[in-house]
Amino acid sequence: MTAAEEERGVQDAVRRHARTRAFAEAEGVVSAVLSDPGVQAARGRVEAAETELGLELCARLQSFQKRYDQAVAGGDAAQLTGVCAGKHGRWGRICVLPDRHETSMEEPHWGRNSEGRPIAWVGSAPDDW
């Protein structure tokens with residue numbers, strides 16, 4: 001191994017270490033913020049509002065959930081590609097409305113949460129990809 005290759009290896013190791021440390025520090029900060037009682041109370045209010053709105057929209061939008069469930073059960077990829085990309089997987093949410101519904105239907109994202117309750121939400125999250 002040449003000196004230049006060895007130097008590159010050391011630099012790569014330092015970069016990996018710095019990145020790992022930065023992610024660990026960021027995770028600690030995020031955890032501290034999310035565990036704050038005020039943040040927890042706000043989260044509870046948001047979840048209650050999302051659940052209430054989800055229930056209000058259920059009668060009108062339930063057919064989309066049924067269509068989504070059938071597409072999943074039947075492996076209907078064509079049907080699933082037309083579904084909204086709005087997902088909050090970390091929180092167990094998948095929007096079952098058609099793609100671009102926010103503009104064409106003027107509806108929030110709607111689906112069911114991980115507990116099976118109807119839920120509606122506005123916006124996206126980093127894990128929407």
# chains A, B, ... in the order shown; residues from 1 in each chain; ligands from 1

$ select_by_dssp --residues "stretch 7-107 of chain A" --states "alpha helix (DSSP H)" --output "number ranges by chain"
A: 7-34, 37-74, 77-81, 101-104

$ residues_around --residues "stretch 24-34 of chain A" --least-positions-apart "6" --cutoff "10 Å" --atoms "only C-alpha atoms" --output "list in words"
Ala18, Gln40 and Arg43 of chain A

$ residues_around --residues "A:Cys95" --least-positions-apart "4" --cutoff "7 Å" --atoms "only C-alpha atoms" --output "number ranges by chain"
A: 84, 86-87, 109-111

$ residues_around --residues "stretch 63-70 of chain A" --least-positions-apart "3" --cutoff "7 Å" --atoms "only C-alpha atoms" --output "PyMOL selection string"
chain A and resi 73-74+96-97+111

$ write_last_selection --atoms "N, CA, C and O atoms" --output "PDB file, in the first residue's frame"
ATOM      1  N   ALA A  73     -54.051  -6.774  -1.385  1.00  0.00           N
ATOM      2  CA  ALA A  73     -54.339  -8.207  -1.302  1.00  0.00           C
ATOM      3  C   ALA A  73     -54.135  -8.906  -2.642  1.00  0.00           C
ATOM      4  O   ALA A  73     -53.643 -10.029  -2.688  1.00  0.00           O
ATOM      5  N   GLY A  74     -54.487  -8.219  -3.729  1.00  0.00           N
ATOM      6  CA  GLY A  74     -54.362  -8.819  -5.045  1.00  0.00           C
ATOM      7  C   GLY A  74     -53.057  -8.528  -5.747  1.00  0.00           C
ATOM      8  O   GLY A  74     -52.830  -8.982  -6.873  1.00  0.00           O
ATOM      9  N   VAL A  96     -54.322   6.611   1.393  1.00  0.00           N
ATOM     10  CA  VAL A  96     -54.939   5.717   0.414  1.00  0.00           C
ATOM     11  C   VAL A  96     -55.674   6.476  -0.695  1.00  0.00           C
ATOM     12  O   VAL A  96     -56.300   5.864  -1.546  1.00  0.00           O
ATOM     13  N   LEU A  97     -55.579   7.785  -0.676  1.00  0.00           N
ATOM     14  CA  LEU A  97     -56.259   8.588  -1.696  1.00  0.00           C
ATOM     15  C   LEU A  97     -55.450   8.596  -2.989  1.00  0.00           C
ATOM     16  O   LEU A  97     -54.272   8.236  -3.003  1.00  0.00           O
ATOM     17  N   GLY A 111     -56.131   7.944   5.670  1.00  0.00           N
ATOM     18  CA  GLY A 111     -55.929   6.504   5.695  1.00  0.00           C
ATOM     19  C   GLY A 111     -56.212   5.983   7.082  1.00  0.00           C
ATOM     20  O   GLY A 111     -57.079   6.505   7.777  1.00  0.00           O
TER      21      GLY A 111
END

$ closest_residue --among "A:Cys58, A:Val46, A:Ala13, A:Ala3" --to "A:Trp121" --atoms "only C-alpha atoms"
A:Val46

$ closest_residue --among "A:Gly44, A:Gln11, A:Gly123, A:Glu115" --to "A:Ala85" --atoms "only C-alpha atoms"
A:Gly123

$ atom_distance --atom1 "atom CA of A:Arg112" --atom2 "atom CA of A:Leu53"
11.7 Å

$ closest_residue --among "A:Met1, A:Ala78, A:Ala48, A:Ala120" --to "A:Leu61" --atoms "only C-alpha atoms"
A:Ala120

$ atom_distance --atom1 "atom CA of A:Ile119" --atom2 "atom CA of A:Arg93"
8.1 Å

$ select_by_dssp --residues "chain A" --states "strand (DSSP E or B)" --output "list in words"
Val83, Lys87, His88, Arg93, Ile94, Cys95, Pro98, His109, Trp110, Gly111, Arg112, Pro118, Ile119, Ala120 and Trp121 of chain A

$ atom_distance --atom1 "atom CA of A:Ala71" --atom2 "atom CA of A:Asn113"
18.1 Å
